[in-house]
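Chemist: Okay, here's the structure, questions in a sec.
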Amino acid sequence: MFEILERQDMADGTVVLNEISAPLIAKKAKPGQFVILKANETGERIPLTMADTDPDKGTITIIYQVVGKSTTLFKSLKIGEGFQDVIGPLGQPTHIEKLGTVVCVGGGTGVAVLHPIARGMKEIGNHVIAIIGARNKDLLILEDKMKAASNELHVCTDDGSYGHHGFVTDVLKDILEKEAVKLVVAIGPVPMMKFVCSVTEKYKVKTLVSLNPIMVDGTGMCGCCRVSVGGKTRFACIDGPEFDGHEVDFDELMQRLQAYKEQESVAYKKFLHE
Amino acid sequence: MTEKSPKKEKIPRQPMPEQDPRIRKRNFEEVPLGYTKELAVKEAERCLQCKKPSCMEGCPVSVDIPGFIKSIKEGDFAKAVRKIWERNALPAVCGRVCPQEIQCEGKCILGKKGKPVAIGNLEKFVADMEREHGDGKLPPKNDPTGKRIAVVGSGPSGLTVAGDLILKGHEVTIFEAFHKPGGVLVYGIPEFRLPKDIVYSEVSTLEKLGVKVECNTVVGRTVSLDELFEQGYDAIYVGVGAGLPRFLNIPGENLIGIYSANEYLTRANLMKAYLFPEYDTPLARGKNVVVFGAGNVTMDSARTAMRLGADRVRIVYRRSRDEMPARSAEIHHAEEEGIEFSLLTAPIRFLGDENARLTGVECLQMKLGEPDESGRRRPIPIDGSEFKLECDLAVIAVGAGANPLLTKSTEDLKVNKWGYIVADPETGKTMKKGVWAGGDIVTGQATVILAMGAGRKASDSIHQYLTWGW
Ligand SMILES: Cc1cc2nc3c(=O)[nH]c(=O)nc-3n(C[C@H](O)[C@H](O)[C@H](O)COP(=O)(O)OP(=O)(O)OC[C@H]3O[C@@H](n4cnc5c(N)ncnc54)[C@H](O)[C@@H]3O)c2cc1C
Ligand SMILES: Cc1cc2nc3c(=O)[nH]c(=O)nc-3n(C[C@H](O)[C@H](O)[C@H](O)COP(=O)(O)OP(=O)(O)OC[C@H]3O[C@@H](n4cnc5c(N)ncnc54)[C@H](O)[C@@H]3O)c2cc1C
Ligand code: SF4
Ligand code: SF4
Ligand code: FES
């Protein structure tokens with residue numbers, strides 16, 4: 001068993017943080033990589049990005065949005081309990097290099113995935129401008145950590161309850177107008193990433209996105225996670241999860257994410273009932 | 001010769017009792033019900049006990065076939081299974097999945113005039129007897145040597161290496177990427193053909209012998225081969241299988257409802273999606289299913305789709321029936337279960353609706369031309385023969401390739417142009433010192449028994465290395 005050592009409810013309990021004992025993975029993991037977790041014997045294999053690792057302590061941290069059956073089950077696990085299986089580190093690490101000014105855009109739980117990348121980019125000497133957004137103030141996560149991981153932080157809420165009233169793309173446009181940006185990293189809901197890419201395309205600024213297709217094994221063995229990038233089929237679990245956003249077919253990704261909609265709701269309702 | 005005593009040929013081949021096709025096509029229980037003692041002894045009596053048994057030439061690991069059959073005839077089933085174990089550690093598996101008709105039974109002398117001895121059925125029978133009624137006594141182990149071996153991958157080849165080397169007194173740890181051991185035996189081959197409890201029982205025997213099994217370890221990611229050496233392993237065996245799905249590379253392949261056989265079968269078997277929602281992993285249940293290919297994987301996918309409630313399942317294959325590589329028993333079983341075959345048919349394009357869900361596949365009719373490199377007649381498209389097959393679920397089962405995850409992370413492990421590991425066919429030695437490889441990752445997708453044979457050769461070579469050096 002992979003024991004949960006810390007847990008924390010965030011964003012009004014819609015987001016949960018778990019710090020899990022997984023020494024081998026903690027030693028190997030790099031920003032941008034993910035793990036696959038399975039809670040118990042009957043559970044499914046769920047991919048989540050590592051929001052942090054502590055190689056000395058032998059722990060990894062995941063931060064996940066509670067959206068359906070499996071994440072609700074994960075949420076119910078207490079300190080001292082744990083996951084039956086945790087597999088990783090999987091996927092390609094983010095290529096962190098010194099470029100100049102880098103803008104990191106995060107939405108929803110994407111901020112958790114973005115945080116180690118922003119921190120790495122800053123540590124290596126980039127000027128990091130971070131823009132993070134949420135629907136409202138209560139759903140915003142990791143503001144303090146993002147502040148520390150960046151040179152400049154902009155916060156947006158859709159309803160204006162905090163920070164800039166509006167979308168992350170509004171702020172992004174302003175920055176792209178004013179500054180010579182070398183790279184944009186955008187991580188969040190698929191529509192947000194798509195929107196960011198359409199903005200940065202106009203300014204011809206390279207944009208990395210992190211894709212979240214449905215997965216099974218995470219080792220390139222099943223092809224479930226296939227995405228179209230630059231007209232070619234790629235496996236997000238081994239070739240990604242990060243890709244050049246200007247080449248990604250976001251509409252296909254959004255459709256494929258709907259593949260099990262009916263069954264997911266059956267499983268979720270049954271779970272809540274029990 | 002006395003071998004051809006005409007009296008013995010009079011006993012007909014004893015048929016294997018099976019679940020009725022109309023019932024079994026909707027359940028996941030094993031299809032053959034197994035021989036009774038009486039049936040097994042009667043079948044064993046058919047064997048002529050040849051002095052030069054041709055059947056053994058057909059078995060890749062040279063099981064002493066007349067030897068074990070003689071013990072069955074004498075009613076000593078425990079002795080029979082021990083005879084098989086001398087060459088083959090997984091008889092319960094091989095009796096069920098070996099393509100006997102082209103191996104042992106294909107060479108049996110009785111097959112020349114009538115039907116061969118049912119060697120596979122007998123092998124399954126004694127292995128099942130031992131598992132269910134045996135004394136569970138473990139084979140003797142040599143004194144500890146203090147040497148440590150890492151086995152990467154827990155398919156049939158890795159399990160063979162682990163079993164051989166633990167008995168020789170070495171310490172063995174198996175590292176497996178999935179959360180359960182067994183390789184294709186658990187994630188690929190369905191429950192109705194190979195019950196998973198049989199595989200777990202084999203693995204648990206190894207564990208009782210002292211083999212450690214570390215699941216959830218993706219070698220090349222969680223730990224590298226060089227790190228395993230740093231941790232003190234003296235030798236490594238790589239048996240990671242051919243885990244790369246092959247697609248058709250035609251338009252529309254990313255529509256919802258199109259699966260690689262690897263994904264379809266992994267969800268169904270390893271993740272137990274056929275028990276959804278009791279198990280959490282979902283799987284589309286098609287009403288009108290097409291499966292591409294003609295191998296064992298194709299039959300398994302088609303029969304799984306039928307069991308998941310399909311009204312209609314069609315196998316689409318671009319050559320003819322004679323070229324189908326699947327075990328003949330499985331083709332026969334599939335037909336009995338109402339699976340249809342669209343032969344000489346090749347897909348050219350998938351069609352979907354506005355929500356990107358699969359609605360059909362456009363195909364071309366083929367005819368057979370001259371034989372190609374594989375010796376099989378080459379399919380040639382007939383111009384203007386396009387037609388549409390309607391379907392809401394498609395499974396692509398046209399073979400597998402070499403998964404590059406481990407080889408790419410290990411620079412000095414040489415691979416050929418298709419990505420398979422280069423290893424000496426006699427010893428399994430790779431170009432990297434202290435590393436052996438075998439099974440599907442060396443040969444490409446083959447058979448359980450060949451993967452086990454490769455494991456046997458490698459374990460002999462590893463033992464020699466640990467005793468005498470590289
Ligand atoms: C590489 C990767 C990294 C991810 N990192 C994070 C993260 O750090 N934090 C976070 O909150 N979420 C992350 N996700 C998304 C997360 O995996 C899904 O939210 C989760 O699987 C939902 O499961 P569920 O049973 O609770 O919900 P369900 O009701 O089953 O599904 C809700 C939606 O989640 C998606 N989903 C379902 N099953 C899977 C699956 N096996 N694999 C992937 N997606 C699935 C589908 O789009 C589905 O419609 C990541 C996904 C990927 C592929
Ligand atoms: C659906 C299906 C049906 C089949 N039917 C038959 C049949 O009827 N008869 C027959 O003889 N053959 C059949 N075969 C073929 C047979 O199963 C294979 O030839 C055989 O299993 C190969 O054994 P292996 O040990 O080389 O590899 P595998 O059985 O593929 O096992 C490899 C193992 O290594 C693990 N692994 C992979 N990468 C890593 C890594 N980096 N780190 C750690 N572990 C890793 C995998 O998860 C897997 O568990 C079938 C195959 C399939 C897919
Ligand atoms: S191992 Fe396979 S080929 Fe050999 S005797 Fe047994 S069933 Fe026949
Ligand atoms: S199985 Fe067939 S070939 Fe083998 S010994 Fe018996 S009769 Fe002879
Ligand atoms: S999740 Fe199976 S290939 Fe990527």
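Residue names in the structure tokens use chain letters A, B, ... in the order shown, residue numbers from 1 in each chain, and ligand numbers from 1 in the order shown.
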Please identify every polymer residue within 6 Å of ligand 5, using only C-alpha atoms and all ligand atoms, and present the set as a list in words.
Modeler: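 Listed by chain and ascending number, the contacts are Met215, Val216, Asp217, Gly218, Thr219, Gly220, Met221, Cys222, Gly223, Cys224, Cys225, Phe235, Ala236 and Cys237 of chain A.
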Chemist: Store the residues picked out above, limited to C-alpha atoms, as a compact mmCIF listing (two decimals), in the first residue's frame.
Modeler:
```txt
# COMPACT_ATOMS: atom_id res chain seq x y z
CA MET A 215 -5.54 6.51 -20.11
CA VAL A 216 -5.21 2.90 -19.03
CA ASP A 217 -1.63 1.65 -18.71
CA GLY A 218 0.38 4.86 -19.18
CA THR A 219 3.27 2.99 -20.81
CA GLY A 220 2.38 3.15 -24.51
CA MET A 221 0.83 -0.29 -24.59
CA CYS A 222 -2.86 0.35 -25.29
CA GLY A 223 -3.19 3.46 -27.45
CA CYS A 224 -6.18 4.73 -25.46
CA CYS A 225 -4.49 8.09 -24.89
CA PHE A 235 0.38 8.67 -27.41
CA ALA A 236 0.11 11.28 -24.65
CA CYS A 237 1.42 8.91 -21.97
```
Chemist: Could you name the residues that touch Ala346 of chain B at 9 Å or less, counting only C-alpha atoms, but leaving out those on the same chain fewer than 2 positions away, as number ranges by chain?
Modeler: B: 292, 316-319, 343-344, 348, 362-366, 381
Chemist: Using only C-alpha atoms and all ligand atoms, find the one residue out of A:Ile60, A:Val102, A:Val196, A:Val171 that sits nearest to ligand 1.
Modeler: A:Ile60
Chemist: Could you list, as a list in words, every residue within 10 Å of Leu209 of chain B, counting only C-alpha atoms and ignoring same-chain residues fewer than 5 positions away?
Modeler: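 In the requested form, the answer reads Leu138, Pro139, Pro140, Lys141, Ala162, Gly163, Ile166, Leu167, Val172, Val203 and Ser204 of chain B.
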Chemist: Residues of chain B within 10 Å of ligand 4: nearest atom pair and distance (Å, one decimal) for each, counting only C-alpha atoms and all ligand atoms, sorted by chain and number, as a Markdown table?
Modeler:
```
| residue | atom | partner | partner_atom_place_in_ligand_line | distance |
| --- | --- | --- | --- | --- |
| B:Glu3 | CA | ligand 4 | 8 (Fe) | 7.9 |
| B:Lys4 | CA | ligand 4 | 7 (S) | 8.8 |
| B:Lys8 | CA | ligand 4 | 7 (S) | 9.9 |
| B:Glu9 | CA | ligand 4 | 7 (S) | 9.5 |
| B:Ala44 | CA | ligand 4 | 6 (Fe) | 8.3 |
| B:Glu45 | CA | ligand 4 | 6 (Fe) | 9.1 |
| B:Arg46 | CA | ligand 4 | 7 (S) | 7.0 |
| B:Cys47 | CA | ligand 4 | 6 (Fe) | 3.9 |
| B:Leu48 | CA | ligand 4 | 7 (S) | 4.2 |
| B:Gln49 | CA | ligand 4 | 5 (S) | 4.3 |
| B:Cys50 | CA | ligand 4 | 5 (S) | 4.3 |
| B:Lys51 | CA | ligand 4 | 5 (S) | 7.4 |
| B:Lys52 | CA | ligand 4 | 5 (S) | 7.5 |
| B:Pro53 | CA | ligand 4 | 5 (S) | 4.6 |
| B:Ser54 | CA | ligand 4 | 3 (S) | 4.8 |
| B:Cys55 | CA | ligand 4 | 3 (S) | 4.3 |
| B:Met56 | CA | ligand 4 | 4 (Fe) | 6.6 |
| B:Glu57 | CA | ligand 4 | 3 (S) | 9.2 |
| B:Gly58 | CA | ligand 4 | 3 (S) | 9.5 |
| B:Asp64 | CA | ligand 4 | 5 (S) | 8.9 |
| B:Ile65 | CA | ligand 4 | 4 (Fe) | 6.1 |
| B:Pro66 | CA | ligand 4 | 5 (S) | 4.5 |
| B:Gly67 | CA | ligand 4 | 5 (S) | 8.3 |
| B:Phe68 | CA | ligand 4 | 5 (S) | 9.9 |
| B:Ile69 | CA | ligand 4 | 6 (Fe) | 7.6 |
| B:Lys70 | CA | ligand 4 | 6 (Fe) | 9.1 |
| B:Cys104 | CA | ligand 4 | 1 (S) | 7.6 |
| B:Glu105 | CA | ligand 4 | 1 (S) | 7.0 |
| B:Gly106 | CA | ligand 4 | 3 (S) | 9.1 |
| B:Lys107 | CA | ligand 4 | 3 (S) | 6.5 |
| B:Cys108 | CA | ligand 4 | 3 (S) | 3.6 |
| B:Ile109 | CA | ligand 4 | 3 (S) | 4.5 |
| B:Leu110 | CA | ligand 4 | 2 (Fe) | 5.6 |
| B:Gly111 | CA | ligand 4 | 2 (Fe) | 7.6 |
| B:Lys112 | CA | ligand 4 | 2 (Fe) | 9.9 |
| B:Lys115 | CA | ligand 4 | 2 (Fe) | 9.6 |
| B:Pro116 | CA | ligand 4 | 2 (Fe) | 6.2 |
| B:Val117 | CA | ligand 4 | 1 (S) | 5.3 |
| B:Ala118 | CA | ligand 4 | 1 (S) | 7.8 |
| B:Ile119 | CA | ligand 4 | 1 (S) | 6.5 |
```
Chemist: Keeping only N, CA and C atoms, write the selected residues as a compact mmCIF listing (two decimals), in the first residue's frame.
Modeler:
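Dumped everything to again-v1.txt:
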```
# COMPACT_ATOMS: atom_id res chain seq x y z
N GLU B 3 4.22 -50.57 -32.87
CA GLU B 3 3.54 -49.32 -32.51
C GLU B 3 2.16 -49.19 -33.15
N LYS B 4 2.02 -49.70 -34.35
CA LYS B 4 0.77 -49.46 -35.05
C LYS B 4 -0.24 -50.57 -34.81
N LYS B 8 -5.67 -50.50 -30.94
CA LYS B 8 -5.73 -49.25 -30.19
C LYS B 8 -6.36 -48.11 -30.99
N GLU B 9 -6.21 -48.15 -32.28
CA GLU B 9 -6.79 -47.06 -33.09
C GLU B 9 -8.31 -47.07 -33.07
N ALA B 44 -5.80 -41.52 -23.04
CA ALA B 44 -4.38 -41.90 -22.89
C ALA B 44 -4.13 -43.27 -23.50
N GLU B 45 -5.15 -44.11 -23.44
CA GLU B 45 -5.00 -45.46 -24.00
C GLU B 45 -4.82 -45.43 -25.51
N ARG B 46 -5.20 -44.37 -26.14
CA ARG B 46 -5.05 -44.29 -27.60
C ARG B 46 -3.58 -44.16 -28.01
N CYS B 47 -2.77 -43.62 -27.11
CA CYS B 47 -1.37 -43.36 -27.45
C CYS B 47 -0.64 -44.67 -27.70
N LEU B 48 0.14 -44.70 -28.78
CA LEU B 48 0.84 -45.93 -29.17
C LEU B 48 2.17 -46.08 -28.46
N GLN B 49 2.55 -45.10 -27.62
CA GLN B 49 3.83 -45.16 -26.91
C GLN B 49 4.97 -45.39 -27.91
N CYS B 50 5.01 -44.56 -28.92
CA CYS B 50 6.01 -44.71 -29.99
C CYS B 50 7.43 -44.72 -29.42
N LYS B 51 8.30 -45.53 -30.02
CA LYS B 51 9.70 -45.57 -29.60
C LYS B 51 10.39 -44.28 -30.01
N LYS B 52 10.05 -43.81 -31.25
CA LYS B 52 10.57 -42.52 -31.68
C LYS B 52 9.38 -41.59 -31.81
N PRO B 53 8.97 -40.99 -30.70
CA PRO B 53 7.71 -40.23 -30.73
C PRO B 53 7.83 -38.94 -31.55
N SER B 54 7.14 -38.92 -32.66
CA SER B 54 7.20 -37.73 -33.53
C SER B 54 6.52 -36.53 -32.87
N CYS B 55 5.57 -36.80 -31.97
CA CYS B 55 4.88 -35.71 -31.29
C CYS B 55 5.88 -34.79 -30.57
N MET B 56 6.92 -35.40 -29.99
CA MET B 56 7.88 -34.60 -29.22
C MET B 56 8.65 -33.62 -30.10
N GLU B 57 8.85 -34.00 -31.37
CA GLU B 57 9.53 -33.08 -32.29
C GLU B 57 8.70 -31.82 -32.48
N GLY B 58 7.38 -31.96 -32.35
CA GLY B 58 6.51 -30.81 -32.57
C GLY B 58 6.40 -29.90 -31.36
N ASP B 64 8.16 -34.83 -22.52
CA ASP B 64 8.16 -36.29 -22.71
C ASP B 64 6.70 -36.74 -22.80
N ILE B 65 6.16 -36.64 -23.99
CA ILE B 65 4.72 -36.86 -24.17
C ILE B 65 4.32 -38.31 -23.91
N PRO B 66 4.96 -39.31 -24.55
CA PRO B 66 4.57 -40.69 -24.23
C PRO B 66 4.78 -40.99 -22.75
N GLY B 67 5.80 -40.39 -22.16
CA GLY B 67 6.08 -40.63 -20.74
C GLY B 67 4.93 -40.18 -19.86
N PHE B 68 4.45 -38.96 -20.07
CA PHE B 68 3.40 -38.49 -19.15
C PHE B 68 2.06 -39.17 -19.47
N ILE B 69 1.87 -39.50 -20.74
CA ILE B 69 0.61 -40.15 -21.09
C ILE B 69 0.56 -41.58 -20.50
N LYS B 70 1.71 -42.23 -20.44
CA LYS B 70 1.78 -43.57 -19.85
C LYS B 70 1.31 -43.51 -18.39
N CYS B 104 2.67 -30.32 -31.11
CA CYS B 104 2.70 -31.74 -30.73
C CYS B 104 1.68 -32.59 -31.48
N GLU B 105 0.41 -32.17 -31.44
CA GLU B 105 -0.63 -33.00 -32.05
C GLU B 105 -0.50 -33.04 -33.56
N GLY B 106 0.03 -31.96 -34.13
CA GLY B 106 0.24 -31.91 -35.58
C GLY B 106 1.23 -32.97 -36.03
N LYS B 107 2.09 -33.41 -35.12
CA LYS B 107 3.12 -34.39 -35.49
C LYS B 107 2.77 -35.81 -35.02
N CYS B 108 1.72 -35.95 -34.26
CA CYS B 108 1.36 -37.28 -33.71
C CYS B 108 1.06 -38.25 -34.85
N ILE B 109 1.60 -39.44 -34.72
CA ILE B 109 1.50 -40.43 -35.78
C ILE B 109 0.05 -40.80 -36.08
N LEU B 110 -0.78 -40.78 -35.05
CA LEU B 110 -2.18 -41.15 -35.26
C LEU B 110 -2.90 -40.15 -36.17
N GLY B 111 -2.35 -38.96 -36.24
CA GLY B 111 -2.97 -37.93 -37.06
C GLY B 111 -2.85 -38.22 -38.56
N LYS B 112 -1.94 -39.13 -38.90
CA LYS B 112 -1.76 -39.44 -40.33
C LYS B 112 -3.01 -40.06 -40.94
N LYS B 115 -7.43 -39.20 -36.05
CA LYS B 115 -7.24 -38.01 -35.23
C LYS B 115 -6.10 -38.22 -34.25
N PRO B 116 -5.25 -37.20 -34.05
CA PRO B 116 -4.12 -37.35 -33.14
C PRO B 116 -4.59 -37.50 -31.69
N VAL B 117 -3.69 -37.97 -30.85
CA VAL B 117 -3.97 -38.03 -29.42
C VAL B 117 -4.21 -36.60 -28.92
N ALA B 118 -5.16 -36.42 -28.03
CA ALA B 118 -5.49 -35.07 -27.52
C ALA B 118 -4.48 -34.67 -26.44
N ILE B 119 -3.26 -34.42 -26.88
CA ILE B 119 -2.16 -34.16 -25.94
C ILE B 119 -2.44 -32.93 -25.07
```
Chemist: With only C-alpha atoms and all ligand atoms counted, collect every polymer residue having an atom within 7 Å of ligand 2; state the result as an mmCIF file with N, CA and C atoms, in the first residue's frame.
Modeler:
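And here is the file that came out, pocket36.cif:
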```cif
data_model
loop_
_atom_site.group_PDB
_atom_site.id
_atom_site.type_symbol
_atom_site.label_atom_id
_atom_site.label_comp_id
_atom_site.auth_asym_id
_atom_site.auth_seq_id
_atom_site.Cartn_x
_atom_site.Cartn_y
_atom_site.Cartn_z
ATOM 1 N N VAL B 97 -3.615 -23.223 -24.181
ATOM 2 C CA VAL B 97 -3.396 -22.191 -25.220
ATOM 3 C C VAL B 97 -2.392 -22.556 -26.311
ATOM 4 N N CYS B 98 -1.638 -23.636 -26.179
ATOM 5 C CA CYS B 98 -0.704 -23.995 -27.258
ATOM 6 C C CYS B 98 -1.480 -24.277 -28.548
ATOM 7 N N PRO B 99 -0.919 -23.864 -29.682
ATOM 8 C CA PRO B 99 -1.532 -24.266 -30.955
ATOM 9 C C PRO B 99 -1.148 -25.719 -31.252
ATOM 10 N N VAL B 152 12.639 -8.836 -15.562
ATOM 11 C CA VAL B 152 11.787 -7.706 -15.921
ATOM 12 C C VAL B 152 10.643 -8.197 -16.790
ATOM 13 N N GLY B 153 9.435 -8.120 -16.289
ATOM 14 C CA GLY B 153 8.257 -8.607 -17.004
ATOM 15 C C GLY B 153 7.841 -9.959 -16.446
ATOM 16 N N SER B 154 6.537 -10.121 -16.201
ATOM 17 C CA SER B 154 6.066 -11.343 -15.557
ATOM 18 C C SER B 154 5.187 -12.172 -16.471
ATOM 19 N N GLY B 155 5.459 -12.108 -17.791
ATOM 20 C CA GLY B 155 4.755 -12.985 -18.724
ATOM 21 C C GLY B 155 5.334 -14.392 -18.636
ATOM 22 N N PRO B 156 4.894 -15.279 -19.524
ATOM 23 C CA PRO B 156 5.362 -16.667 -19.453
ATOM 24 C C PRO B 156 6.884 -16.817 -19.517
ATOM 25 N N SER B 157 7.565 -15.962 -20.267
ATOM 26 C CA SER B 157 9.021 -16.143 -20.338
ATOM 27 C C SER B 157 9.676 -15.720 -19.029
ATOM 28 N N GLY B 158 9.254 -14.608 -18.456
ATOM 29 C CA GLY B 158 9.820 -14.169 -17.184
ATOM 30 C C GLY B 158 9.517 -15.160 -16.063
ATOM 31 N N PHE B 175 10.152 -7.830 -11.629
ATOM 32 C CA PHE B 175 9.608 -6.466 -11.671
ATOM 33 C C PHE B 175 8.568 -6.392 -12.779
ATOM 34 N N GLU B 176 7.373 -5.968 -12.436
ATOM 35 C CA GLU B 176 6.268 -5.932 -13.399
ATOM 36 C C GLU B 176 5.655 -4.529 -13.433
ATOM 37 N N ALA B 177 5.411 -4.028 -14.640
ATOM 38 C CA ALA B 177 4.875 -2.676 -14.797
ATOM 39 C C ALA B 177 3.418 -2.576 -14.338
ATOM 40 N N PHE B 178 2.629 -3.594 -14.674
ATOM 41 C CA PHE B 178 1.224 -3.569 -14.279
ATOM 42 C C PHE B 178 1.059 -3.840 -12.786
ATOM 43 N N PRO B 181 0.747 -9.570 -11.795
ATOM 44 C CA PRO B 181 1.677 -10.341 -12.620
ATOM 45 C C PRO B 181 0.955 -11.294 -13.584
ATOM 46 N N GLY B 182 1.683 -11.693 -14.640
ATOM 47 C CA GLY B 182 1.144 -12.694 -15.573
ATOM 48 C C GLY B 182 1.275 -12.325 -17.036
ATOM 49 N N GLY B 183 1.532 -11.050 -17.322
ATOM 50 C CA GLY B 183 1.696 -10.627 -18.718
ATOM 51 C C GLY B 183 0.427 -10.851 -19.511
ATOM 52 N N VAL B 184 0.589 -11.265 -20.769
ATOM 53 C CA VAL B 184 -0.553 -11.486 -21.648
ATOM 54 C C VAL B 184 -1.519 -12.503 -21.044
ATOM 55 N N LEU B 185 -1.006 -13.395 -20.227
ATOM 56 C CA LEU B 185 -1.873 -14.416 -19.629
ATOM 57 C C LEU B 185 -2.954 -13.785 -18.760
ATOM 58 N N GLY B 188 -4.292 -10.133 -21.569
ATOM 59 C CA GLY B 188 -4.740 -10.383 -22.936
ATOM 60 C C GLY B 188 -5.712 -11.529 -23.078
ATOM 61 N N ILE B 189 -5.272 -12.731 -22.728
ATOM 62 C CA ILE B 189 -6.098 -13.922 -22.961
ATOM 63 C C ILE B 189 -7.278 -13.915 -21.994
ATOM 64 N N THR B 217 6.170 -1.530 -11.123
ATOM 65 C CA THR B 217 7.525 -1.058 -11.370
ATOM 66 C C THR B 217 7.790 -1.042 -12.867
ATOM 67 N N VAL B 218 7.802 0.147 -13.444
ATOM 68 C CA VAL B 218 8.056 0.278 -14.870
ATOM 69 C C VAL B 218 9.563 0.425 -15.050
ATOM 70 N N VAL B 219 10.209 -0.664 -15.448
ATOM 71 C CA VAL B 219 11.659 -0.583 -15.597
ATOM 72 C C VAL B 219 11.974 0.286 -16.822
ATOM 73 N N GLY B 220 12.870 1.232 -16.619
ATOM 74 C CA GLY B 220 13.115 2.257 -17.630
ATOM 75 C C GLY B 220 12.544 3.592 -17.149
ATOM 76 N N GLY B 239 12.036 -9.731 -20.243
ATOM 77 C CA GLY B 239 10.952 -10.417 -20.960
ATOM 78 C C GLY B 239 9.724 -9.540 -20.951
ATOM 79 N N VAL B 240 9.834 -8.394 -21.630
ATOM 80 C CA VAL B 240 8.767 -7.387 -21.512
ATOM 81 C C VAL B 240 7.682 -7.505 -22.569
ATOM 82 N N GLY B 241 7.770 -8.535 -23.433
ATOM 83 C CA GLY B 241 6.684 -8.758 -24.382
ATOM 84 C C GLY B 241 6.648 -7.757 -25.509
ATOM 85 N N ALA B 242 5.655 -7.932 -26.361
ATOM 86 C CA ALA B 242 5.519 -7.052 -27.526
ATOM 87 C C ALA B 242 4.369 -6.094 -27.263
ATOM 88 N N GLY B 243 4.548 -5.204 -26.319
ATOM 89 C CA GLY B 243 3.438 -4.360 -25.893
ATOM 90 C C GLY B 243 3.308 -3.047 -26.624
ATOM 91 N N ASN B 262 -5.233 -4.417 -27.603
ATOM 92 C CA ASN B 262 -4.584 -4.299 -26.293
ATOM 93 C C ASN B 262 -5.463 -3.551 -25.308
ATOM 94 N N LEU B 265 -8.891 -5.594 -24.631
ATOM 95 C CA LEU B 265 -8.726 -6.784 -23.800
ATOM 96 C C LEU B 265 -8.203 -6.430 -22.398
ATOM 97 N N ASN B 296 -5.167 -15.148 -32.779
ATOM 98 C CA ASN B 296 -5.793 -15.461 -31.496
ATOM 99 C C ASN B 296 -6.372 -14.215 -30.856
ATOM 100 N N VAL B 297 -5.648 -13.099 -31.016
ATOM 101 C CA VAL B 297 -6.083 -11.848 -30.399
ATOM 102 C C VAL B 297 -7.415 -11.408 -31.011
ATOM 103 N N ASP B 300 -10.174 -13.636 -29.624
ATOM 104 C CA ASP B 300 -10.450 -13.260 -28.237
ATOM 105 C C ASP B 300 -11.270 -11.973 -28.157
ATOM 106 N N ARG B 327 -5.368 -20.279 -33.507
ATOM 107 C CA ARG B 327 -5.536 -21.702 -33.182
ATOM 108 C C ARG B 327 -6.829 -22.185 -33.805
ATOM 109 N N LEU B 405 9.713 1.672 -24.630
ATOM 110 C CA LEU B 405 9.939 2.364 -23.353
ATOM 111 C C LEU B 405 11.239 1.913 -22.670
ATOM 112 N N LEU B 406 11.443 0.619 -22.565
ATOM 113 C CA LEU B 406 12.630 0.140 -21.855
ATOM 114 C C LEU B 406 13.882 0.262 -22.734
ATOM 115 N N GLY B 438 14.338 -12.443 -23.900
ATOM 116 C CA GLY B 438 13.660 -13.513 -24.616
ATOM 117 C C GLY B 438 12.165 -13.289 -24.641
ATOM 118 N N GLY B 439 11.466 -14.136 -25.403
ATOM 119 C CA GLY B 439 10.019 -13.996 -25.550
ATOM 120 C C GLY B 439 9.697 -12.997 -26.648
ATOM 121 N N ASP B 440 8.498 -12.451 -26.580
ATOM 122 C CA ASP B 440 8.006 -11.590 -27.659
ATOM 123 C C ASP B 440 8.872 -10.359 -27.918
ATOM 124 N N ILE B 441 9.608 -9.865 -26.940
ATOM 125 C CA ILE B 441 10.410 -8.656 -27.153
ATOM 126 C C ILE B 441 11.643 -8.963 -28.014
ATOM 127 N N GLN B 445 5.532 -10.923 -31.612
ATOM 128 C CA GLN B 445 4.489 -11.710 -30.962
ATOM 129 C C GLN B 445 4.462 -13.144 -31.491
ATOM 130 N N ALA B 446 4.669 -14.101 -30.590
ATOM 131 C CA ALA B 446 4.737 -15.504 -30.992
ATOM 132 C C ALA B 446 3.764 -16.306 -30.137
ATOM 133 N N THR B 447 4.262 -17.287 -29.404
ATOM 134 C CA THR B 447 3.363 -18.098 -28.585
ATOM 135 C C THR B 447 3.909 -18.221 -27.171
ATOM 136 N N VAL B 448 3.015 -18.639 -26.289
ATOM 137 C CA VAL B 448 3.355 -18.818 -24.884
ATOM 138 C C VAL B 448 4.515 -19.806 -24.760
ATOM 139 N N ILE B 449 4.419 -20.916 -25.456
ATOM 140 C CA ILE B 449 5.426 -21.959 -25.283
ATOM 141 C C ILE B 449 6.782 -21.514 -25.854
ATOM 142 N N ALA B 451 7.859 -18.424 -25.865
ATOM 143 C CA ALA B 451 8.372 -17.477 -24.866
ATOM 144 C C ALA B 451 8.952 -18.241 -23.672
#
```
Chemist: Could you tell me which residues of chain A sit within 6 Å of chain B when counting only C-alpha atoms, and give me the result as a list in words?
Modeler: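 Only these qualify: Thr42, Gly43, Glu44, Ile87, Gly88, Met221, Cys222 and Ala267 of chain A.
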